[in-house]
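Novice: Dropping in protein23.pdb, with PDB, C-alpha atoms, pLDDT in the B column.
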ATOM      1  CA  MET K   1     155.075 114.117  41.955  1.00 46.00           C
ATOM      2  CA  PHE K   2     152.518 112.893  44.417  1.00 46.00           C
ATOM      3  CA  ARG K   3     149.771 110.596  43.260  1.00 52.00           C
ATOM      4  CA  GLN K   4     146.343 110.931  44.802  1.00 51.00           C
ATOM      5  CA  ARG K   5     144.920 107.776  46.381  1.00 52.00           C
ATOM      6  CA  SER K   6     141.832 106.293  44.937  1.00 52.00           C
ATOM      7  CA  SER K   7     138.829 105.704  47.144  1.00 52.00           C
ATOM      8  CA  GLY K   8     139.277 101.949  47.045  1.00 52.00           C
ATOM      9  CA  GLU K   9     142.843 101.805  48.359  1.00 53.00           C
ATOM     10  CA  ILE K  10     143.646 100.664  51.881  1.00 51.00           C
ATOM     11  CA  PRO K  11     145.175 103.428  54.038  1.00 54.00           C
ATOM     12  CA  MET K  12     148.861 102.897  54.881  1.00 52.00           C
ATOM     13  CA  HIS K  13     151.032 104.007  57.770  1.00 51.00           C
ATOM     14  CA  HIS K  14     153.371 106.906  57.136  1.00 52.00           C
ATOM     15  CA  TYR K  15     156.269 104.633  57.941  1.00 51.00           C
ATOM     16  CA  GLY K  16     156.111 101.187  56.482  1.00 52.00           C
ATOM     17  CA  GLY K  17     153.703  99.460  54.221  1.00 53.00           C
ATOM     18  CA  ARG K  18     151.341  97.841  56.728  1.00 55.00           C
ATOM     19  CA  PRO K  19     147.685  98.822  56.576  1.00 55.00           C
ATOM     20  CA  ALA K  20     146.353 100.895  59.470  1.00 52.00           C
ATOM     21  CA  ARG K  21     143.859  99.181  61.792  1.00 56.00           C
ATOM     22  CA  ALA K  22     140.546 100.882  62.435  1.00 53.00           C
ATOM     23  CA  SER K  23     140.248 101.559  66.162  1.00 54.00           C
ATOM     24  CA  PHE K  24     136.787 100.967  67.697  1.00 51.00           C
ATOM     25  CA  ARG K  25     135.515  99.710  71.030  1.00 60.00           C
ATOM     26  CA  THR K  26     133.126  96.823  71.365  1.00 58.00           C
ATOM     27  CA  PRO K  27     130.072  97.685  73.486  1.00 60.00           C
ATOM     28  CA  ARG K  28     130.294  96.317  76.997  1.00 65.00           C
ATOM     29  CA  LEU K  29     127.348  94.449  78.419  1.00 66.00           C
ATOM     30  CA  PRO K  30     126.057  95.656  81.801  1.00 68.00           C
ATOM     31  CA  SER K  31     127.187  93.704  84.802  1.00 77.00           C
ATOM     32  CA  CYS K  32     124.887  91.410  86.723  1.00 82.00           C
ATOM     33  CA  ALA K  33     124.489  94.010  89.481  1.00 81.00           C
ATOM     34  CA  THR K  34     123.398  96.764  87.075  1.00 84.00           C
ATOM     35  CA  GLY K  35     121.107  94.547  85.011  1.00 85.00           C
ATOM     36  CA  GLY K  36     119.571  93.008  88.113  1.00 88.00           C
ATOM     37  CA  SER K  37     118.928  96.447  89.627  1.00 88.00           C
ATOM     38  CA  TRP K  38     117.081  97.645  86.533  1.00 89.00           C
ATOM     39  CA  ALA K  39     115.046  94.427  86.425  1.00 91.00           C
ATOM     40  CA  TRP K  40     114.222  94.862  90.125  1.00 90.00           C
ATOM     41  CA  LEU K  41     113.070  98.436  89.463  1.00 92.00           C
ATOM     42  CA  VAL K  42     110.811  97.413  86.569  1.00 93.00           C
ATOM     43  CA  ILE K  43     109.246  94.563  88.555  1.00 94.00           C
ATOM     44  CA  SER K  44     108.560  96.842  91.547  1.00 93.00           C
ATOM     45  CA  LEU K  45     106.820  99.418  89.359  1.00 94.00           C
ATOM     46  CA  ALA K  46     104.818  96.684  87.626  1.00 95.00           C
ATOM     47  CA  VAL K  47     103.609  95.338  90.990  1.00 94.00           C
ATOM     48  CA  ILE K  48     102.488  98.835  92.056  1.00 94.00           C
ATOM     49  CA  VAL K  49     100.600  99.381  88.792  1.00 94.00           C
ATOM     50  CA  TRP K  50      99.009  95.954  89.128  1.00 94.00           C
ATOM     51  CA  GLY K  51      97.857  96.791  92.667  1.00 91.00           C
ATOM     52  CA  ILE K  52      96.401 100.134  91.556  1.00 91.00           C
ATOM     53  CA  ARG K  53      94.478  98.298  88.864  1.00 89.00           C
ATOM     54  CA  PHE K  54      92.983  95.992  91.502  1.00 85.00           C
ATOM     55  CA  LEU K  55      92.068  98.994  93.669  1.00 84.00           C
ATOM     56  CA  SER K  56      90.256 100.674  90.783  1.00 82.00           C
ATOM     57  CA  GLN K  57      87.849  97.734  90.543  1.00 78.00           C
ATOM     58  CA  PRO K  58      85.158  97.634  93.279  1.00 77.00           C
ATOM     59  CA  THR K  59      84.622  94.348  95.070  1.00 78.00           C
ATOM     60  CA  ASP K  60      80.890  94.669  95.703  1.00 82.00           C
ATOM     61  CA  LEU K  61      78.414  95.493  92.925  1.00 86.00           C
ATOM     62  CA  ARG K  62      74.643  95.924  92.928  1.00 89.00           C
ATOM     63  CA  HIS K  63      72.696  96.553  89.727  1.00 91.00           C
ATOM     64  CA  LEU K  64      68.911  96.920  89.688  1.00 93.00           C
ATOM     65  CA  LYS K  65      66.950  97.131  86.440  1.00 93.00           C
ATOM     66  CA  CYS K  66      63.173  97.377  86.307  1.00 93.00           C
ATOM     67  CA  PRO K  67      60.984  97.724  83.175  1.00 91.00           C
ATOM     68  CA  ARG K  68      58.176 100.197  82.680  1.00 88.00           C
ATOM     69  CA  ASP K  69      55.487  97.529  82.900  1.00 89.00           C
ATOM     70  CA  ARG K  70      55.101  96.659  86.573  1.00 86.00           C
ATOM     71  CA  GLU K  71      53.966  93.137  85.668  1.00 89.00           C
ATOM     72  CA  ASP K  72      57.355  92.355  84.130  1.00 91.00           C
ATOM     73  CA  LEU K  73      60.287  91.147  86.177  1.00 93.00           C
ATOM     74  CA  CYS K  74      62.884  93.349  87.818  1.00 93.00           C
ATOM     75  CA  GLU K  75      66.433  92.024  87.964  1.00 94.00           C
ATOM     76  CA  LEU K  76      68.852  92.643  90.827  1.00 93.00           C
ATOM     77  CA  VAL K  77      72.400  91.457  90.088  1.00 90.00           C
ATOM     78  CA  VAL K  78      74.763  91.008  93.045  1.00 89.00           C
ATOM     79  CA  LEU K  79      78.480  90.503  92.368  1.00 84.00           C
ATOM     80  CA  THR K  80      80.913  90.005  95.258  1.00 78.00           C
ATOM     81  CA  GLU K  81      84.719  89.901  95.557  1.00 70.00           C
ATOM     82  CA  ASP K  82      84.710  86.113  95.274  1.00 68.00           C
ATOM     83  CA  GLU K  83      83.108  86.562  91.825  1.00 63.00           C
ATOM     84  CA  ASP K  84      79.882  84.972  93.039  1.00 74.00           C
ATOM     85  CA  ARG K  85      77.126  86.292  90.796  1.00 81.00           C
ATOM     86  CA  VAL K  86      73.621  86.114  92.257  1.00 87.00           C
ATOM     87  CA  VAL K  87      70.545  87.307  90.368  1.00 91.00           C
ATOM     88  CA  HIS K  88      67.283  88.112  92.168  1.00 90.00           C
ATOM     89  CA  THR K  89      64.141  88.509  90.061  1.00 93.00           C
ATOM     90  CA  PHE K  90      60.744  89.792  91.167  1.00 93.00           C
ATOM     91  CA  PRO K  91      57.787  91.575  89.532  1.00 92.00           C
ATOM     92  CA  GLY K  92      58.025  95.339  89.437  1.00 91.00           C
ATOM     93  CA  LYS K  93      54.790  95.640  91.415  1.00 91.00           C
ATOM     94  CA  ASP K  94      56.413  93.752  94.335  1.00 93.00           C
ATOM     95  CA  LEU K  95      58.998  96.482  94.831  1.00 93.00           C
ATOM     96  CA  LEU K  96      57.383  98.196  97.811  1.00 92.00           C
ATOM     97  CA  ARG K  97      59.790 100.974  98.745  1.00 92.00           C
ATOM     98  CA  ALA K  98      63.363 102.022  99.382  1.00 92.00           C
ATOM     99  CA  GLU K  99      64.718 102.871 102.821  1.00 91.00           C
ATOM    100  CA  ALA K 100      67.690 104.953 103.901  1.00 91.00           C
ATOM    101  CA  ILE K 101      69.888 103.005 106.321  1.00 91.00           C
ATOM    102  CA  ARG K 102      73.162 103.397 108.206  1.00 90.00           C
ATOM    103  CA  VAL K 103      76.098 101.061 107.681  1.00 87.00           C
ATOM    104  CA  ARG K 104      79.274 100.271 109.578  1.00 84.00           C
ATOM    105  CA  ARG K 105      82.155  98.041 108.496  1.00 74.00           C
ATOM    106  CA  GLY K 106      80.154  96.511 105.698  1.00 68.00           C
ATOM    107  CA  ARG K 107      77.028  95.797 107.746  1.00 78.00           C
ATOM    108  CA  ALA K 108      73.659  97.504 108.084  1.00 82.00           C
ATOM    109  CA  VAL K 109      73.059  98.648 111.667  1.00 86.00           C
ATOM    110  CA  ASN K 110      70.192 100.130 113.654  1.00 84.00           C
ATOM    111  CA  PRO K 111      71.288 103.451 115.205  1.00 86.00           C
ATOM    112  CA  LYS K 112      68.360 103.759 117.651  1.00 85.00           C
ATOM    113  CA  ASN K 113      70.209 102.456 120.703  1.00 83.00           C
ATOM    114  CA  MET K 114      73.553 104.071 119.869  1.00 86.00           C
ATOM    115  CA  ARG K 115      75.146 107.162 121.299  1.00 87.00           C
ATOM    116  CA  ARG K 116      75.429 110.324 119.277  1.00 85.00           C
ATOM    117  CA  LYS K 117      79.192 109.909 118.800  1.00 86.00           C
ATOM    118  CA  GLN K 118      78.698 106.374 117.537  1.00 85.00           C
ATOM    119  CA  VAL K 119      75.983 107.463 115.118  1.00 86.00           C
ATOM    120  CA  ARG K 120      78.289 110.086 113.605  1.00 86.00           C
ATOM    121  CA  LYS K 121      80.756 107.373 112.628  1.00 86.00           C
ATOM    122  CA  LEU K 122      78.155 105.438 110.645  1.00 90.00           C
ATOM    123  CA  GLY K 123      77.931 105.590 106.866  1.00 89.00           C
ATOM    124  CA  TYR K 124      74.880 106.275 104.717  1.00 91.00           C
ATOM    125  CA  SER K 125      73.317 103.746 102.374  1.00 90.00           C
ATOM    126  CA  PHE K 126      69.908 102.461 101.259  1.00 91.00           C
ATOM    127  CA  GLN K 127      68.066  99.191 100.790  1.00 91.00           C
ATOM    128  CA  LEU K 128      65.182  97.770  98.783  1.00 93.00           C
ATOM    129  CA  VAL K 129      62.070  96.294 100.370  1.00 93.00           C
ATOM    130  CA  VAL K 130      60.482  93.603  98.192  1.00 94.00           C
ATOM    131  CA  ARG K 131      57.282  91.660  98.843  1.00 93.00           C
ATOM    132  CA  LEU K 132      57.833  87.897  98.857  1.00 90.00           C
ATOM    133  CA  ASP K 133      54.260  86.601  98.993  1.00 85.00           C
ATOM    134  CA  ASP K 134      50.696  87.569  99.802  1.00 83.00           C
ATOM    135  CA  ASP K 135      51.187  86.718 103.491  1.00 84.00           C
ATOM    136  CA  GLY K 136      53.080  89.961 104.024  1.00 82.00           C
ATOM    137  CA  ARG K 137      56.614  88.615 104.167  1.00 90.00           C
ATOM    138  CA  GLU K 138      59.262  91.021 102.930  1.00 92.00           C
ATOM    139  CA  ALA K 139      62.864  90.781 101.808  1.00 91.00           C
ATOM    140  CA  ARG K 140      65.431  93.540 102.182  1.00 90.00           C
ATOM    141  CA  HIS K 141      68.355  93.967  99.816  1.00 90.00           C
ATOM    142  CA  VAL K 142      71.118  96.358 100.844  1.00 88.00           C
ATOM    143  CA  MET K 143      72.366  98.183  97.766  1.00 88.00           C
ATOM    144  CA  SER K 144      75.732  99.244  99.180  1.00 85.00           C
ATOM    145  CA  TYR K 145      77.599  98.120 102.292  1.00 78.00           C
ATOM    146  CA  GLY K 146      79.926 101.083 101.939  1.00 79.00           C
ATOM    147  CA  SER K 147      78.864 104.645 102.604  1.00 81.00           C
ATOM    148  CA  VAL K 148      77.483 106.393  99.517  1.00 84.00           C
ATOM    149  CA  GLY K 149      77.002 109.717 101.278  1.00 85.00           C
ATOM    150  CA  ARG K 150      73.945 111.276 102.826  1.00 87.00           C
ATOM    151  CA  SER K 151      72.835 113.224  99.752  1.00 90.00           C
ATOM    152  CA  ASP K 152      73.361 110.297  97.358  1.00 89.00           C
ATOM    153  CA  SER K 153      71.404 107.899  99.550  1.00 90.00           C
ATOM    154  CA  LYS K 154      68.493 110.345  99.718  1.00 92.00           C
ATOM    155  CA  SER K 155      68.499 110.870  95.954  1.00 92.00           C
ATOM    156  CA  ARG K 156      68.547 107.115  95.338  1.00 91.00           C
ATOM    157  CA  VAL K 157      65.634 106.582  97.703  1.00 93.00           C
ATOM    158  CA  SER K 158      63.676 109.357  95.979  1.00 93.00           C
ATOM    159  CA  GLU K 159      64.415 107.853  92.556  1.00 93.00           C
ATOM    160  CA  ILE K 160      63.162 104.413  93.585  1.00 93.00           C
ATOM    161  CA  GLN K 161      60.117 105.843  95.359  1.00 93.00           C
ATOM    162  CA  GLU K 162      59.234 107.745  92.188  1.00 92.00           C
ATOM    163  CA  TYR K 163      59.224 104.468  90.270  1.00 92.00           C
ATOM    164  CA  VAL K 164      57.106 102.755  92.937  1.00 91.00           C
ATOM    165  CA  THR K 165      54.456 105.462  93.222  1.00 90.00           C
ATOM    166  CA  ASN K 166      54.361 106.854  89.681  1.00 88.00           C
ATOM    167  CA  SER K 167      53.347 104.436  86.935  1.00 84.00           C
ATOM    168  CA  ASP K 168      54.388 106.903  84.217  1.00 85.00           C
ATOM    169  CA  VAL K 169      58.078 106.411  84.979  1.00 85.00           C
ATOM    170  CA  SER K 170      59.632 104.624  81.999  1.00 86.00           C
ATOM    171  CA  GLY K 171      61.905 102.355  84.028  1.00 89.00           C
ATOM    172  CA  LEU K 172      64.497 102.085  86.754  1.00 92.00           C
ATOM    173  CA  ASP K 173      68.243 101.548  86.505  1.00 92.00           C
ATOM    174  CA  VAL K 174      70.270 101.775  89.729  1.00 91.00           C
ATOM    175  CA  TYR K 175      73.952 100.844  89.926  1.00 89.00           C
ATOM    176  CA  GLU K 176      76.044 100.902  93.100  1.00 88.00           C
ATOM    177  CA  SER K 177      79.599  99.754  93.742  1.00 82.00           C
ATOM    178  CA  SER K 178      81.683  99.694  96.899  1.00 78.00           C
ATOM    179  CA  GLY K 179      84.562  97.915  98.567  1.00 75.00           C
ATOM    180  CA  VAL K 180      88.327  97.871  98.106  1.00 77.00           C
ATOM    181  CA  SER K 181      90.299  94.802  97.086  1.00 78.00           C
ATOM    182  CA  ALA K 182      92.590  93.464  99.813  1.00 82.00           C
ATOM    183  CA  VAL K 183      94.834  91.977  97.119  1.00 86.00           C
ATOM    184  CA  GLY K 184      95.304  95.430  95.599  1.00 88.00           C
ATOM    185  CA  ILE K 185      96.316  96.922  98.950  1.00 90.00           C
ATOM    186  CA  LEU K 186      98.898  94.184  99.544  1.00 93.00           C
ATOM    187  CA  LEU K 187     100.337  94.567  96.048  1.00 93.00           C
ATOM    188  CA  VAL K 188     100.741  98.335  96.413  1.00 93.00           C
ATOM    189  CA  ILE K 189     102.412  97.992  99.835  1.00 94.00           C
ATOM    190  CA  TYR K 190     104.732  95.216  98.661  1.00 94.00           C
ATOM    191  CA  GLY K 191     105.634  97.110  95.483  1.00 94.00           C
ATOM    192  CA  ALA K 192     106.316 100.347  97.387  1.00 94.00           C
ATOM    193  CA  PHE K 193     108.676  98.655  99.869  1.00 95.00           C
ATOM    194  CA  SER K 194     110.392  96.812  97.043  1.00 93.00           C
ATOM    195  CA  LEU K 195     110.862 100.082  95.140  1.00 93.00           C
ATOM    196  CA  ILE K 196     112.358 101.838  98.179  1.00 93.00           C
ATOM    197  CA  PHE K 197     114.889  99.058  98.805  1.00 93.00           C
ATOM    198  CA  CYS K 198     115.679  98.949  95.093  1.00 91.00           C
ATOM    199  CA  LEU K 199     116.525 102.660  95.019  1.00 90.00           C
ATOM    200  CA  ILE K 200     118.675 102.338  98.148  1.00 91.00           C
ATOM    201  CA  LEU K 201     120.567  99.144  97.335  1.00 88.00           C
ATOM    202  CA  GLY K 202     120.460  99.052  93.533  1.00 84.00           C
ATOM    203  CA  GLN K 203     123.290  99.845  91.124  1.00 84.00           C
ATOM    204  CA  PHE K 204     122.018 101.656  88.033  1.00 79.00           C
ATOM    205  CA  SER K 205     125.310 102.589  86.346  1.00 80.00           C
ATOM    206  CA  GLU K 206     128.642 100.889  85.873  1.00 77.00           C
ATOM    207  CA  PRO K 207     131.405 101.995  88.256  1.00 76.00           C
ATOM    208  CA  PRO K 208     134.440 103.683  86.639  1.00 77.00           C
ATOM    209  CA  PRO K 209     137.305 101.318  85.765  1.00 73.00           C
ATOM    210  CA  PRO K 210     140.187 101.239  88.239  1.00 73.00           C
ATOM    211  CA  ARG K 211     143.211 103.367  87.402  1.00 74.00           C
ATOM    212  CA  LYS K 212     146.278 101.585  86.146  1.00 67.00           C
ATOM    213  CA  ARG K 213     149.280 101.775  88.397  1.00 67.00           C
ATOM    214  CA  ARG K 214     152.465 103.020  86.789  1.00 60.00           C
TER     215      ARG K 214
END
Is it possible to express this structure as structure tokens?
Specialist:
Amino acid sequence: MFRQRSSGEIPMHHYGGRPARASFRTPRLPSCATGGSWAWLVISLAVIVWGIRFLSQPTDLRHLKCPRDREDLCELVVLTEDEDRVVHTFPGKDLLRAEAIRVRRGRAVNPKNMRRKQVRKLGYSFQLVVRLDDDGREARHVMSYGSVGRSDSKSRVSEIQEYVTNSDVSGLDVYESSGVSAVGILLVIYGAFSLIFCLILGQFSEPPPPRKRR
């Protein structure tokens, strides 16, 4: 009495012979306010990450390498924030000694005429003393303008003095880095403020549609 529909037939209404329309909603694109808020959020986070990357890279580098043979040349590489690379070379025998020094605000200072409270605020670092010529002239190279700590400065001085006094030492390799990038600080501050305002003023979801009046 009733015939079963085949799988290829178009479904019909119960009343009438018109085919039924498949009901589906087209996806709505986010509004300009929602899309702009998400873009603002992503840019703020990217600026913060970029600033942290700058902060992870020191702005002042010192790298000293000396061979075992004291007649060969030692190499002191100095790299600053402006990407100025300066290389000092001198024979290993001209490295006279290393000295522990005190630093303040990126400068080596003499604490002899300072008060005790002022001396406590100073950082610890060390410098190399290199002979320039046979007339007794000497050059001093500060290895870190930032504080490396009291114990680290003493250990570095002992390591260099061991190379100077003991000819059996195979070589010397000293690496020091210090300084914080000002660009990184500005990027982190700018990104943090931008993120705060984005979370306060941004719209991250579409508002519900208004109700239809009857």
Novice: To one decimal in Å, tell me the separation between CA of Ala46 (chain K) and CA of Leu201 (chain K).
Specialist: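 A separation of 18.7 Å between them.
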Novice: Care to translate the PyMOL selection byres ((chain K and resi 174) around 8) into actual residues of this file, as a list in words?
Specialist: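 Matching residues under the PyMOL selection byres ((chain K and resi 174) around 8) are Arg62, His63, Leu64, Lys65, Arg156, Leu172, Asp173, Tyr175 and Glu176 of chain K.
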Novice: Run the PyMOL selection byres ((chain K and resi 85) around 12) mentally over the shown coordinates, then write out the matched residues as a ChimeraX atom specification, using the chain letters and numbers from the document.
Specialist: /K:59-63,76-84,86-88
Novice: Considering all atoms listed in the file, can you say which of K:Arg116, K:Glu99, K:Val49, K:Tyr190 comes closest to Lys154 (chain K)?
Specialist: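 Residue with the minimum atom-to-atom distance to Lys154 (chain K): K:Glu99.
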Novice: With distances taken over all atoms listed in the file, which of K:Gly184, K:Val47, K:Asp69, K:Ala192 is nearest to Asp168 (chain K)?
Specialist: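 Going through K:Gly184, K:Val47, K:Asp69, K:Ala192 one by one, the smallest distance to Asp168 (chain K) is for K:Asp69.
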Novice: Residue by residue, what does the PyMOL selection byres ((chain K and resi 137-146) around 7) grab here? Present the result as a PDB file with C-alpha atoms, in the frame of the given file.
Specialist:
ATOM      1  CA  ARG K  62      74.643  95.924  92.928  1.00 89.00           C
ATOM      2  CA  VAL K 103      76.098 101.061 107.681  1.00 87.00           C
ATOM      3  CA  GLY K 106      80.154  96.511 105.698  1.00 68.00           C
ATOM      4  CA  ARG K 107      77.028  95.797 107.746  1.00 78.00           C
ATOM      5  CA  GLY K 123      77.931 105.590 106.866  1.00 89.00           C
ATOM      6  CA  SER K 125      73.317 103.746 102.374  1.00 90.00           C
ATOM      7  CA  PHE K 126      69.908 102.461 101.259  1.00 91.00           C
ATOM      8  CA  GLN K 127      68.066  99.191 100.790  1.00 91.00           C
ATOM      9  CA  LEU K 128      65.182  97.770  98.783  1.00 93.00           C
ATOM     10  CA  VAL K 129      62.070  96.294 100.370  1.00 93.00           C
ATOM     11  CA  VAL K 130      60.482  93.603  98.192  1.00 94.00           C
ATOM     12  CA  ARG K 131      57.282  91.660  98.843  1.00 93.00           C
ATOM     13  CA  LEU K 132      57.833  87.897  98.857  1.00 90.00           C
ATOM     14  CA  ASP K 133      54.260  86.601  98.993  1.00 85.00           C
ATOM     15  CA  ASP K 135      51.187  86.718 103.491  1.00 84.00           C
ATOM     16  CA  GLY K 136      53.080  89.961 104.024  1.00 82.00           C
ATOM     17  CA  SER K 147      78.864 104.645 102.604  1.00 81.00           C
ATOM     18  CA  VAL K 148      77.483 106.393  99.517  1.00 84.00           C
ATOM     19  CA  GLU K 176      76.044 100.902  93.100  1.00 88.00           C
ATOM     20  CA  SER K 177      79.599  99.754  93.742  1.00 82.00           C
ATOM     21  CA  SER K 178      81.683  99.694  96.899  1.00 78.00           C
ATOM     22  CA  GLY K 179      84.562  97.915  98.567  1.00 75.00           C
TER      23      GLY K 179
END
Novice: Determine the nearest neighbour of Phe193 (chain K) from the options K:Leu122, K:Leu45, K:Cys66, K:Leu55, counting all atoms listed in the file.
Specialist: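 Of all the options, K:Leu45 lies closest to Phe193 (chain K).
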Novice: I'd like the interatomic distance between CA of Glu159 (chain K) and CA of Pro91 (chain K), to a tenth of an Å.
Specialist: 17.8 Å
Novice: So the first atom is CA of Ser31 (chain K) and the second is CA of Leu199 (chain K); what is the distance between them in Å, to one decimal place?
Specialist: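 Calculated distance between CA of Ser31 (chain K) and CA of Leu199 (chain K) is 17.3 Å.
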Novice: Taking only C-alpha atoms into account, name the residue in K:Cys74, K:Cys32, K:Ile101, K:Leu187 that is nearest to Gly171 (chain K).
Specialist: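 Result for the nearest residue to Gly171 (chain K): K:Cys74.
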